[in-house]
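S.K.: Dropping the structure in here first, questions after.
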Amino acid sequence: MKQLTLNGEFTVKGKGLHSGLEITATFRPAPENTGYKFRRIDLEGEPTIDAIAENVVDTRRGTVIANRKGDVVSTIEHAMAALYAAGVDNVIIDVNGPELPILDGSAIIYVENIEKVGLVEQAADKDFYIIKEKTQFKDEETGSMLTIYPDDGFSVECMVEYNSSVLPNQFAVLDDLADFKQEIANARTFVFVREIEQLVGANLIKGGDLDNAIVIYDEKIDQDRIDHICDVMNVPHMQINQLGYINPKPLVWDNEPARHKVMDVIGDLALIGRPLKGRVVAIRPGHSVNNKFTRMVRQTVKHTEVQAPIYNPNLEPIIDINGIKRLLPHRYPFLLIDKVIEIDKKHVVAVKNVTVNEPFFQGHFPQEPVMPGVLQVEAMAQAAGVLVLNFLEDPEKYSTYFLKIDNVKFRQKVVPGNTLLLNVSLMTEIRRGCAIVKGYAFVGEKVVCEAEFMAQIIKNK
């Protein structure tokens, strides 16, 4: 899959939830590998802020990011969720204030605008981070916990728990990002009446009203106090006679708050900086624990230069040894790949099972058998040969030859009993019969060898 950006720009306008200011935000297409960036066009020099987990500086009632100079943008999570769910990899967001507009408290307006302008594919490949083992973070103080498990796609399930007669335990799940618009995007943010005075005292929710948040009345409050809350919120006085939701617009779903929490989890996980393949289970999530979990996962992502391919030996190979022999002229003792488990027009994954019976172990070395590094590079080159010849008509009439090898690194010994996974990708289009490729050799999850090389495709005489 290729990276995606917007096919045009769009603008949203509205009040900032916390500042109360009228905010304009314009979402613009961005070059490949840009990620999500905010640009404060109201400040001198129009500073940018990368939307990544380590730039989060506050998580009270929203996610706030800042650059090193202290320029901030807050309440970004709804927009981030919409962009992530749409598969957008690269975007620059120009904003003329300290936060994004709250709009109706959900992500639906962002989703509709993304659909309206459409998306465009870019040249670079989408860089998924594949979860291969269970990863968990638990906040011992609050009991909140986020866990991510291996999965073929991306999904979120969320459980919320409040000490409230109106909003007790709720559960929501999103099994497929393609369902985000129908299942999650309309879910609005929510607040308890009993929290409002404290939030206003903390200089928050100046722009909050009954049109951009679900307001939950779950404890009886004196009318004088209700009048005071209405005054600080700049809304008309109201009589509230029973517990429940006091919005003029009814709930979209009975579990709308839990669905909104799914949205928040997705928006906060978007700050990992790469699309994920994994299933997230969130128990009592909030922006604080979401960010702690996201930072933990992002640290692993940052220190993982490249991931090993997923290898299931129970599956039938795409190209078996007989197919390889039809493509390559190599034979014993110099045929160094056993099967191909992935292939498309730009990359191939091949397998080499290293046994003690390899002829080179007789001299390299009898007492400590180690696979020569040059043969690891040769194995990658043979995988590259399969890649470039597989899509040619009459491939048996062609051979590939080394022209040069660059940036070779050997990181770990390869010994009998190892299974080499050879992941080779084209770095550029094939031009004038020349292919430039990048190869990695893995044992388990560890890179044991890497190299860049150029090969020429020549018709046999």
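If you're wondering about the labels, chains in the structure tokens are A, B, ... by order shown, residues count from 1 in each chain, ligands from 1 in order shown.
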Which polymer residues have any atom within 6 Å of an atom of region 210-222 of chain A, counting only C-alpha atoms, with same-chain residues fewer than 4 positions away left out, as a PDB file with C-alpha atoms, in the first residue's frame?

M.R.:
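What follows is the written file around.pdb:
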```pdb
ATOM      1  CA  ASP A 104     -20.018  19.636  17.224  1.00  0.00           C
ATOM      2  CA  GLY A 105     -17.764  17.717  19.637  1.00  0.00           C
ATOM      3  CA  VAL A 166     -26.587   7.925  34.388  1.00  0.00           C
ATOM      4  CA  ARG A 188     -19.603  13.566  20.804  1.00  0.00           C
ATOM      5  CA  THR A 189     -17.366  14.459  23.707  1.00  0.00           C
ATOM      6  CA  PHE A 190     -19.080  14.526  27.094  1.00  0.00           C
ATOM      7  CA  VAL A 191     -18.859  16.221  30.479  1.00  0.00           C
ATOM      8  CA  PHE A 192     -20.586  15.848  33.856  1.00  0.00           C
ATOM      9  CA  VAL A 193     -22.410  18.888  35.265  1.00  0.00           C
ATOM     10  CA  LEU A 243     -31.177  13.046  36.174  1.00  0.00           C
ATOM     11  CA  GLY A 244     -29.997  12.230  32.681  1.00  0.00           C
ATOM     12  CA  TYR A 245     -28.637  13.868  29.553  1.00  0.00           C
ATOM     13  CA  ILE A 246     -29.667  17.511  29.228  1.00  0.00           C
ATOM     14  CA  ASN A 247     -28.786  18.136  25.571  1.00  0.00           C
TER      15      ASN A 247
END
```

S.K.: So that I can see what lies close to region 451-457 of chain A, please list as a ChimeraX atom specification the residues with an atom at most 6 Å from it, counting only C-alpha atoms and leaving out residues fewer than 2 positions away in the same chain.

M.R.: /A:399-408,433-439

S.K.: Distance CA of Lys138 (chain A)-CA of Glu161 (chain A), one decimal place?

M.R.: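 Going from CA of Lys138 (chain A) over to CA of Glu161 (chain A), I get 15.5 Å.
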
S.K.: Quick one: of A:Val262, A:Val281, A:Ile130, A:Val160, who's nearest to Gln307 (chain A), counting only C-alpha atoms?

M.R.: A:Ile130

S.K.: Kindly assemble as CSV a list of the region 252-341 of chain A residues that lie within 7 Å of region 150-157 of chain A, each paired with its nearest atom pair and their distance in Å to one decimal, using only C-alpha atoms, sorted first by chain and then by ascending residue number.

M.R.:
```
residue,atom,partner,partner_atom,distance
A:Val262,CA,A:Val156,CA,6.6
A:Leu276,CA,A:Phe154,CA,6.3
A:Lys277,CA,A:Gly153,CA,4.8
A:Gly278,CA,A:Asp151,CA,4.4
A:Arg279,CA,A:Ser155,CA,4.8
A:Val280,CA,A:Val156,CA,4.7
A:Val281,CA,A:Glu157,CA,5.0
A:Ala282,CA,A:Glu157,CA,6.3
```

S.K.: Which residue, A:Val354, A:Leu327, A:Met427, A:Ile266, has the smallest gap to Asp176 (chain A) when you use only C-alpha atoms?

M.R.: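 Nearest candidate to Asp176 (chain A) out of A:Val354, A:Leu327, A:Met427, A:Ile266: A:Ile266.
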
S.K.: Could you check which of A:Arg298, A:Lys181, A:Arg194, A:Arg40 is closest to Ala85 (chain A), using only C-alpha atoms?

M.R.: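 Result for the nearest residue to Ala85 (chain A): A:Lys181.
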
S.K.: Quick one: residues within 9 Å of His260 (chain A), only C-alpha atoms, excluding same-chain residues fewer than 5 positions away - as a list in words?

M.R.: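 Close residues of His260 (chain A): Ser106, Ala172, Ile184, Ala185, Asn186, Ala187, Arg188, Thr189, Phe190, Asn255 and Val265 of chain A.
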